[in-house]
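What follows is a short report on a single structure.
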Amino acid sequence: MIRAIVGKELKSLFVSPLAWFLLALMQVVLTWVFLGRLDAYLHVQPQLQQIANAPGFTEIIVTPVFAMAALILLMIVPLLTMRLLAEERKNRTLILLISSPVSISEIVIGKFLSLILFISGAMIFIVLLSVTLSAGGTLDSGLLISSVLGLFLVACCFVALGLYISSLTMQPVIAALVALGVLLCFWVLDILGSSQDGWIHYFSLLKHFKQFNSGLLDSFSIAYLALFTLFFIILTIRRLEADRLHR
Amino acid sequence: MTDYDASSFTLSAQHLSRAYSGTFVVHDVTLQLGRGEILGLLGPNGAGKSTTMHMLTGNLAPNSGRIEICGIDLLDDPKSAKAHLGYLPEIPPLYMDMTVDEFLVFVAQLHRIDKKIIAQAVESCKKRCGLAERGNQLIGILSKGLQQRVGIAQAVIHEPDVIILDEPTVGLDPNQIREMRQLIRTLAQSCSIILSTHILSEVESLCNRVLIMNKGHIVFNQALVQLQQKGVDLETVFTELTQI
């Protein structure tokens, strides 16, 4: 049952100090960025009033916060996904799940959803942080919604990739390092690709995220991120099935 | 019992084979388990006992052969078949950071036990396995004997028809071994058990039938009563058949 697996994963996530530490870290860094940008905006505000079509405070304050959130997620998701399957293998508890009347798809989807729920919870804090700005002006809710959607989809991609890499090994540390390595490659891809206008840039997850972050709801980006996530979830399911078939 | 009749057996495995990279580790294994029977599975290390048990519980797919649990094909309908199965592997699959209650509730949920009766099922399971006051304790801090009991508890909470135990008394002290054997005897009143062990005295005291495996083949399959009638010692038979 997917719900049982989601419940158990969330419980074990919150029992360990790692999850709390990462949440706190994320909050501290994002709030710091937020306050820094707010400060910068307040300094620049009188000059902005003189420019026509000046960027609103949402763009100046909220957008960098989401950009930083994406980078933070890129770094912490491997630490969260490393346990999901690698640790189960290491502690020999995966056998419990596979011997139960639960399909491998349910196991993988349950683990994926549990981490997505956790990250969504973290994202609520970021949204609340942004919403506090409405006390001082009109928040561009369209931009906010688009950024939230982008961050959510990119988080799904990171989790799916991390989950797949976790399914390949028995050592959680290796899973974390490899996942981090792969995600950093994507980041480098983004940095390199942005200088040229080539096709390789389209592979970068962060490029698609940036579009969401600037308020652009591109259906290609949505499709790419969704398919990326689905691809790695399916690969994970197939990997676990392969263990059963020809270990 | 010359005609194979699936409905009378709780577990029926026919001609199971399993290969790893071309080398067969289990050849043509056929075994059947009747209701209320305790089957002892013996064999030297590397004989293919664990591989066979992994196949019987759906953790490994056989290269060929059929497995039926209470008449349900394990490969065609794994979810329904596994609902009748309880498995305690050699290393008990315990989550060390969960309490006994949390763990058993989780296992009950995995076995789709109705939400309203989960609490009751967990309580009666704990009582059965001697864990009544240990509900709130973390599994990680329990002694080996208690952890082993939690391992058995997870195998029986859904009251399966077949329980497969892989070396359930290894590492236990003599008192715990006695308690575990008593528990197995009690469980056998309501279900069929396959017990894999290296301890011959355990087989002699608990099992109705003995199966000896060597190098992936079944080399001996007889009721213990027959063995006793012939006056042959189990150890002699084992040594004879596995020295090849």
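Convention: chains lettered A, B, ... in structure tokens order; per-chain residue numbering from 1; ligands numbered from 1 as shown.
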
- [ ] Return as an MDAnalysis selection string the residues belonging to chain A that are within 7 Å of chain B, counting only C-alpha atoms.
- [x] chainID A and resid 1 4 92:93 95:96 98:102 244:246

Dump of N, CA and C atoms for the selected residues, as a PDB file, in the first residue's frame:
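Written out: again.pdb:
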ATOM      1  N   MET A   1       0.840  -1.187   0.000  1.00  0.00           N
ATOM      2  CA  MET A   1       0.000   0.000   0.000  1.00  0.00           C
ATOM      3  C   MET A   1       0.873   1.234   0.000  1.00  0.00           C
ATOM      4  N   ALA A   4       0.964   3.413   3.216  1.00  0.00           N
ATOM      5  CA  ALA A   4       1.734   2.850   4.327  1.00  0.00           C
ATOM      6  C   ALA A   4       3.216   3.155   4.146  1.00  0.00           C
ATOM      7  N   ARG A  92      19.247  -4.894   4.950  1.00  0.00           N
ATOM      8  CA  ARG A  92      18.498  -6.100   4.582  1.00  0.00           C
ATOM      9  C   ARG A  92      17.023  -5.982   4.908  1.00  0.00           C
ATOM     10  N   THR A  93      16.467  -4.777   4.804  1.00  0.00           N
ATOM     11  CA  THR A  93      15.038  -4.650   5.048  1.00  0.00           C
ATOM     12  C   THR A  93      14.231  -4.583   3.756  1.00  0.00           C
ATOM     13  N   ILE A  95      14.002  -6.773   1.671  1.00  0.00           N
ATOM     14  CA  ILE A  95      13.372  -8.075   1.495  1.00  0.00           C
ATOM     15  C   ILE A  95      11.980  -8.114   2.139  1.00  0.00           C
ATOM     16  N   LEU A  96      11.808  -7.321   3.198  1.00  0.00           N
ATOM     17  CA  LEU A  96      10.502  -7.255   3.858  1.00  0.00           C
ATOM     18  C   LEU A  96       9.471  -6.687   2.898  1.00  0.00           C
ATOM     19  N   ILE A  98       9.650  -6.545  -0.420  1.00  0.00           N
ATOM     20  CA  ILE A  98       9.414  -7.352  -1.609  1.00  0.00           C
ATOM     21  C   ILE A  98       8.643  -8.626  -1.280  1.00  0.00           C
ATOM     22  N   SER A  99       8.790  -9.138  -0.049  1.00  0.00           N
ATOM     23  CA  SER A  99       8.029 -10.335   0.317  1.00  0.00           C
ATOM     24  C   SER A  99       6.575 -10.010   0.638  1.00  0.00           C
ATOM     25  N   SER A 100       6.268  -8.742   0.834  1.00  0.00           N
ATOM     26  CA  SER A 100       4.881  -8.371   1.154  1.00  0.00           C
ATOM     27  C   SER A 100       4.055  -8.295  -0.114  1.00  0.00           C
ATOM     28  N   PRO A 101       2.729  -8.376   0.031  1.00  0.00           N
ATOM     29  CA  PRO A 101       1.866  -8.263  -1.150  1.00  0.00           C
ATOM     30  C   PRO A 101       1.776  -6.828  -1.649  1.00  0.00           C
ATOM     31  N   VAL A 102       2.944  -6.263  -1.984  1.00  0.00           N
ATOM     32  CA  VAL A 102       3.015  -4.902  -2.496  1.00  0.00           C
ATOM     33  C   VAL A 102       3.843  -4.982  -3.770  1.00  0.00           C
ATOM     34  N   ARG A 244      15.361  -9.050  -8.966  1.00  0.00           N
ATOM     35  CA  ARG A 244      14.564 -10.245  -8.737  1.00  0.00           C
ATOM     36  C   ARG A 244      14.776 -11.261  -9.850  1.00  0.00           C
ATOM     37  N   LEU A 245      14.937 -10.742 -11.055  1.00  0.00           N
ATOM     38  CA  LEU A 245      14.998 -11.633 -12.210  1.00  0.00           C
ATOM     39  C   LEU A 245      16.378 -12.234 -12.451  1.00  0.00           C
ATOM     40  N   HIS A 246      17.387 -11.384 -12.535  1.00  0.00           N
ATOM     41  CA  HIS A 246      18.707 -11.994 -12.697  1.00  0.00           C
ATOM     42  C   HIS A 246      19.731 -11.302 -11.839  1.00  0.00           C
TER      43      HIS A 246
END

Open item on the list: I'd like the contact shell of Leu41 in chain B - 8 Å cut-off, only C-alpha atoms, skipping same-chain residues fewer than 4 positions apart - returned as a PyMOL selection string.
Closed with: chain B and resi 49+194-197+210-213

Within 8 Å of Pro64 in chain A, counting only C-alpha atoms, which residues qualify if same-chain residues fewer than 4 places away don't, as a short mmCIF file (atom, residue, chain, number, x, y, z; two decimals) with C-alpha atoms, in the first residue's frame?
data_model
loop_
_atom_site.label_atom_id
_atom_site.label_comp_id
_atom_site.auth_asym_id
_atom_site.auth_seq_id
_atom_site.Cartn_x
_atom_site.Cartn_y
_atom_site.Cartn_z
CA VAL A 33 18.99 35.75 0.63
CA PHE A 34 15.48 37.13 1.08
CA ARG A 37 17.40 41.15 -1.66
CA GLU A 59 10.98 39.90 -9.47
CA ILE A 60 13.74 41.53 -7.47
CA MET A 68 18.76 29.84 -4.54
#

TODO: Can you work out which one of A:Leu79, A:Leu22, A:Ala223, A:Val127 has the shortest atom-to-atom distance to Val178 in chain A, counting only C-alpha atoms?
DONE: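 Among the listed residues, the smallest separation from Val178 in chain A belongs to A:Leu79.
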